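Below is one structure, written out as structure tokens; the observations come after it.
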Amino acid sequence: MGRVQIEVFAEFVERVLSLRKKNSSPMKKVSFKLSHLGSHERFVPMWVKKAMDLGALELCLSFGDLINPRFVLLYCALESKALVDLRIRGSVCLTQGSRFTSRPDSVSPVLNSLVLDSVQFTDDKPGFEAVLSAFPNLQNLRVHESNKWYYWDGSVSSPTLKRFVYRRGDDTSGPKRCVTFDTPGLFTWSILMWLLISMRICVWTAWLKLGLIDLQLNKNAQEGVAFVPGDVSTLFKGIRNVKILCLSPDALDTLYYRSGAIPVFNNLISLSMGSDRPHGGSPHIFWKLFPSLLLKAPNLQTLIIKGLGHCVRHLRLSWDDVSDALSSCGVKVLQITGYEGTGEELSHMKCFLGSLPRLEMVRVTHKGVDDGERRRLMDDFLCLPKASSKCKVKVMKESA
């Protein structure tokens, strides 16, 4: 973008914002995609501040190739009583500035969701302390650190945070020695698996009060990143008091390869395993862990198996351990997703229905179920022997 074009763009932004302010016209969503602004970069914080003053609910800032590779955006520019969704991407330093002597005061008290992609988000002290102080009611936090800098020290402390997603460009900075969470409300934690297994997991006591954990330990998509041997037993011990546990295929792989004995989940009442996505993990690992998890959850009431069709293909399995675990299980509700109606799946359903003594409801979702297909599936299930006389079966169309 040439100098004249930049000036025209800057004048246009100024004119739009000024007219909005003059007419007292609020803004719901504001998006800036900025690059090659030259000396006009100094106007960006002012544009952001004006958008905040106009009551914007959503703000997206995307910084491309700026002249200043360490462009600074102060927290105070984001001061708002209305902002609920903030996304910042690119070579920018989000900082408290010299006006603060410690962590920043609350600048956006109702901000719910924050995405920081390749953003430097601290000053001298690493960690999320400054971010969580500026946005004290944050519930969703997604951080993707650039391969040029890493600032997270491995600790998160927030009474409101419910979902935390962390990505890192590569592993050149080395593993975190210890990861600590003081987040009583956290129920979704997603982190690159190679990062997880290369570090020691420390779980603070507040985390043990969690009601729901959706554990998604995602493998790094980049090739050539080696897995570092490690033990995640402390992680699974730390979440042993949860009531609802969702295990993705990668989480199951991690539990199988990188953990010791599975702890007892005395409070667990709902367990979800697998994925509806194709190639959703190893069927061998799924069924190896399946009986152990059932036996370690004495009060389990709801069992959800996602993508049953993916878990039974080309599988040779001895059902003795599985049948024994099911027979001693108190599950009342069984939910199967991704059912395809194959003979292998029906064989598994026969084992489920014929072994669960307290089963009251079976919900099966199937893609593209018309009335004829639904009746055929129902006929298949009605012909299966049932260990529980209270068992009812419901076949539903899988939502898009």
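In the structure tokens, the first chain shown is A, the next is B, and so on; residue numbers restart at 1 for each chain, and ligands run from 1 in the order shown.
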### Task
Please return as JSON, numbers by chain: the residues of segment 253-354 of chain A that backbone DSSP assigns to alpha helix (DSSP H).
{"A": [253, 254, 255, 256, 257, 258, 283, 284, 285, 286, 287, 288, 289, 290, 291, 292, 293, 294, 295, 308, 309, 310, 311, 312, 320, 321, 322, 323, 324, 325, 326, 327, 343, 344, 345, 346, 347, 348, 349, 350, 351, 352, 353, 354]}
### Message
What's around Asp276 of chain A at 9 Å? Count only C-alpha atoms, leave out sequence neighbours fewer than 6 positions away in its own chain, and write the answer as a PyMOL selection string.
### Response
chain A and resi 306-310+337-338
Those residues you just picked out, can you put them in a file as a PDB file, in the first residue's frame with N, CA, C and O atoms?
ATOM      1  N   LYS A 306     -18.803 -41.929  21.358  1.00  0.00           N
ATOM      2  CA  LYS A 306     -18.883 -41.152  20.127  1.00  0.00           C
ATOM      3  C   LYS A 306     -18.210 -41.905  18.979  1.00  0.00           C
ATOM      4  O   LYS A 306     -17.079 -42.358  19.106  1.00  0.00           O
ATOM      5  N   GLY A 307     -18.924 -42.010  17.870  1.00  0.00           N
ATOM      6  CA  GLY A 307     -18.348 -42.649  16.693  1.00  0.00           C
ATOM      7  C   GLY A 307     -18.117 -44.130  16.881  1.00  0.00           C
ATOM      8  O   GLY A 307     -17.011 -44.629  16.653  1.00  0.00           O
ATOM      9  N   LEU A 308     -19.169 -44.850  17.287  1.00  0.00           N
ATOM     10  CA  LEU A 308     -19.010 -46.289  17.510  1.00  0.00           C
ATOM     11  C   LEU A 308     -18.502 -46.999  16.260  1.00  0.00           C
ATOM     12  O   LEU A 308     -17.702 -47.927  16.339  1.00  0.00           O
ATOM     13  N   GLY A 309     -18.960 -46.532  15.092  1.00  0.00           N
ATOM     14  CA  GLY A 309     -18.514 -47.160  13.844  1.00  0.00           C
ATOM     15  C   GLY A 309     -17.015 -47.104  13.648  1.00  0.00           C
ATOM     16  O   GLY A 309     -16.413 -48.032  13.092  1.00  0.00           O
ATOM     17  N   HIS A 310     -16.371 -46.013  14.129  1.00  0.00           N
ATOM     18  CA  HIS A 310     -14.915 -45.894  13.996  1.00  0.00           C
ATOM     19  C   HIS A 310     -14.199 -46.838  14.960  1.00  0.00           C
ATOM     20  O   HIS A 310     -13.040 -47.181  14.736  1.00  0.00           O
ATOM     21  N   THR A 337     -23.285 -42.331  19.359  1.00  0.00           N
ATOM     22  CA  THR A 337     -23.347 -41.411  18.223  1.00  0.00           C
ATOM     23  C   THR A 337     -22.563 -41.996  17.055  1.00  0.00           C
ATOM     24  O   THR A 337     -21.703 -42.862  17.225  1.00  0.00           O
ATOM     25  N   GLY A 338     -22.897 -41.515  15.864  1.00  0.00           N
ATOM     26  CA  GLY A 338     -22.190 -41.980  14.684  1.00  0.00           C
ATOM     27  C   GLY A 338     -22.471 -43.424  14.339  1.00  0.00           C
ATOM     28  O   GLY A 338     -21.635 -44.106  13.729  1.00  0.00           O
TER      29      GLY A 338
END
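Computed from the coordinates, the atom CA of Lys81 of chain A to atom CA of Glu11 of chain A distance equals 27.2 Å.
The residue that comes closest to Cys391 of chain A, out of A:Lys332, A:Arg42, A:Lys350, A:Lys367 and on the basis of only C-alpha atoms, is A:Lys332.
Comparing the minimum interatomic distances between Ser328 of chain A and each of A:Ala251, A:Cys93, A:Leu295, A:Leu303, counting only C-alpha atoms, we find that A:Leu295 sits nearest.
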If you count only C-alpha atoms, which residues fall within 6 Å of segment 112-117 of chain A, apart from same-chain ones fewer than 5 positions away, as a PDB file with N, CA and C atoms, in the first residue's frame?
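Ended up saving to part-v4.pdb:
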ATOM      1  N   VAL A  84     -17.480  -7.757  24.797  1.00  0.00           N
ATOM      2  CA  VAL A  84     -17.616  -9.136  25.275  1.00  0.00           C
ATOM      3  C   VAL A  84     -16.731 -10.112  24.507  1.00  0.00           C
ATOM      4  N   ASP A  85     -16.285  -9.729  23.303  1.00  0.00           N
ATOM      5  CA  ASP A  85     -15.497 -10.644  22.465  1.00  0.00           C
ATOM      6  C   ASP A  85     -14.331  -9.869  21.860  1.00  0.00           C
ATOM      7  N   LEU A  86     -13.094 -10.322  22.138  1.00  0.00           N
ATOM      8  CA  LEU A  86     -11.892  -9.633  21.654  1.00  0.00           C
ATOM      9  C   LEU A  86     -10.945 -10.640  21.033  1.00  0.00           C
ATOM     10  N   ARG A  87     -10.518 -10.339  19.794  1.00  0.00           N
ATOM     11  CA  ARG A  87      -9.543 -11.177  19.099  1.00  0.00           C
ATOM     12  C   ARG A  87      -8.416 -10.304  18.565  1.00  0.00           C
ATOM     13  N   ILE A  88      -7.179 -10.662  18.916  1.00  0.00           N
ATOM     14  CA  ILE A  88      -6.008  -9.903  18.465  1.00  0.00           C
ATOM     15  C   ILE A  88      -5.033 -10.876  17.823  1.00  0.00           C
ATOM     16  N   ARG A  89      -4.592 -10.552  16.633  1.00  0.00           N
ATOM     17  CA  ARG A  89      -3.688 -11.435  15.902  1.00  0.00           C
ATOM     18  C   ARG A  89      -2.577 -10.621  15.264  1.00  0.00           C
ATOM     19  N   LEU A 138     -13.274 -13.069  32.432  1.00  0.00           N
ATOM     20  CA  LEU A 138     -13.022 -13.859  31.232  1.00  0.00           C
ATOM     21  C   LEU A 138     -13.429 -15.318  31.450  1.00  0.00           C
ATOM     22  N   GLN A 139     -14.147 -15.877  30.469  1.00  0.00           N
ATOM     23  CA  GLN A 139     -14.573 -17.272  30.548  1.00  0.00           C
ATOM     24  C   GLN A 139     -13.886 -18.146  29.505  1.00  0.00           C
ATOM     25  N   ASN A 140     -13.582 -17.583  28.340  1.00  0.00           N
ATOM     26  CA  ASN A 140     -12.941 -18.338  27.262  1.00  0.00           C
ATOM     27  C   ASN A 140     -11.631 -17.670  26.872  1.00  0.00           C
ATOM     28  N   LEU A 141     -10.539 -18.403  26.957  1.00  0.00           N
ATOM     29  CA  LEU A 141      -9.221 -17.868  26.613  1.00  0.00           C
ATOM     30  C   LEU A 141      -8.516 -18.810  25.651  1.00  0.00           C
ATOM     31  N   ARG A 142      -8.111 -18.264  24.510  1.00  0.00           N
ATOM     32  CA  ARG A 142      -7.367 -19.041  23.505  1.00  0.00           C
ATOM     33  C   ARG A 142      -6.070 -18.296  23.204  1.00  0.00           C
ATOM     34  N   VAL A 143      -4.963 -18.977  23.385  1.00  0.00           N
ATOM     35  CA  VAL A 143      -3.652 -18.368  23.182  1.00  0.00           C
ATOM     36  C   VAL A 143      -2.840 -19.219  22.218  1.00  0.00           C
ATOM     37  N   HIS A 144      -2.326 -18.585  21.172  1.00  0.00           N
ATOM     38  CA  HIS A 144      -1.401 -19.241  20.245  1.00  0.00           C
ATOM     39  C   HIS A 144      -0.117 -18.433  20.259  1.00  0.00           C
TER      40      HIS A 144
END
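Once Leu17 of chain A and its same-chain neighbours fewer than 5 positions away are set aside, Phe12, Lys22, Trp47, Lys50, Ala51 and Leu54 of chain A remain within 9 Å of it when counting only C-alpha atoms.
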### Task
For segment 19-21 of chain A, work out the shell of residues within 9 Å, counting only C-alpha atoms and skipping chain neighbours fewer than 4 positions away, then give it as JSON, numbers by chain.
{"A": [14, 15, 25, 26, 27, 50, 53, 54]}
File of the preceding selection, N, CA and C atoms, as a PDB file, in the first residue's frame:
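Saved file out.pdb follows:
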ATOM      1  N   GLU A  14     -11.044   7.644  10.119  1.00  0.00           N
ATOM      2  CA  GLU A  14     -11.329   8.786  10.987  1.00  0.00           C
ATOM      3  C   GLU A  14     -12.731   9.337  10.717  1.00  0.00           C
ATOM      4  N   ARG A  15     -13.074   9.437   9.441  1.00  0.00           N
ATOM      5  CA  ARG A  15     -14.373  10.005   9.072  1.00  0.00           C
ATOM      6  C   ARG A  15     -15.524   9.111   9.553  1.00  0.00           C
ATOM      7  N   SER A  25     -24.260   6.879  17.106  1.00  0.00           N
ATOM      8  CA  SER A  25     -24.636   5.593  16.514  1.00  0.00           C
ATOM      9  C   SER A  25     -23.721   4.498  17.062  1.00  0.00           C
ATOM     10  N   PRO A  26     -24.252   3.574  17.870  1.00  0.00           N
ATOM     11  CA  PRO A  26     -23.405   2.534  18.469  1.00  0.00           C
ATOM     12  C   PRO A  26     -22.914   1.531  17.435  1.00  0.00           C
ATOM     13  N   MET A  27     -21.848   0.839  17.774  1.00  0.00           N
ATOM     14  CA  MET A  27     -21.269  -0.175  16.889  1.00  0.00           C
ATOM     15  C   MET A  27     -21.293  -1.521  17.613  1.00  0.00           C
ATOM     16  N   LYS A  50     -11.754   4.839  20.170  1.00  0.00           N
ATOM     17  CA  LYS A  50     -13.015   5.398  19.682  1.00  0.00           C
ATOM     18  C   LYS A  50     -14.058   4.301  19.492  1.00  0.00           C
ATOM     19  N   ASP A  53     -15.404   3.476  22.821  1.00  0.00           N
ATOM     20  CA  ASP A  53     -16.304   4.519  23.310  1.00  0.00           C
ATOM     21  C   ASP A  53     -17.673   4.446  22.638  1.00  0.00           C
ATOM     22  N   LEU A  54     -17.714   3.851  21.434  1.00  0.00           N
ATOM     23  CA  LEU A  54     -18.978   3.707  20.716  1.00  0.00           C
ATOM     24  C   LEU A  54     -19.739   2.446  21.127  1.00  0.00           C
TER      25      LEU A  54
END
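Ranking A:Lys33, A:Arg363, A:Lys390, A:Lys28 by their shortest atom-to-atom distance to Met349 of chain A, with only C-alpha atoms included, puts A:Arg363 first.
Taking atom CA of Phe71 of chain A and atom CA of Ser158 of chain A as the two end points, the separation is 27.9 Å.
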### Query
When distances are computed from only C-alpha atoms, which of A:Ser347, A:Ser323, A:Thr254, A:Gln335 shows the smallest separation from Val364 of chain A?
A:Gln335
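Computed from the coordinates, the atom CA of Glu398 of chain A to atom CA of Tyr339 of chain A distance equals 9.1 Å.
If you measure from each of A:Val119, A:Val393, A:Ala56, A:Leu268 to Ala297 of chain A using only C-alpha atoms, the closest one turns out to be A:Leu268.
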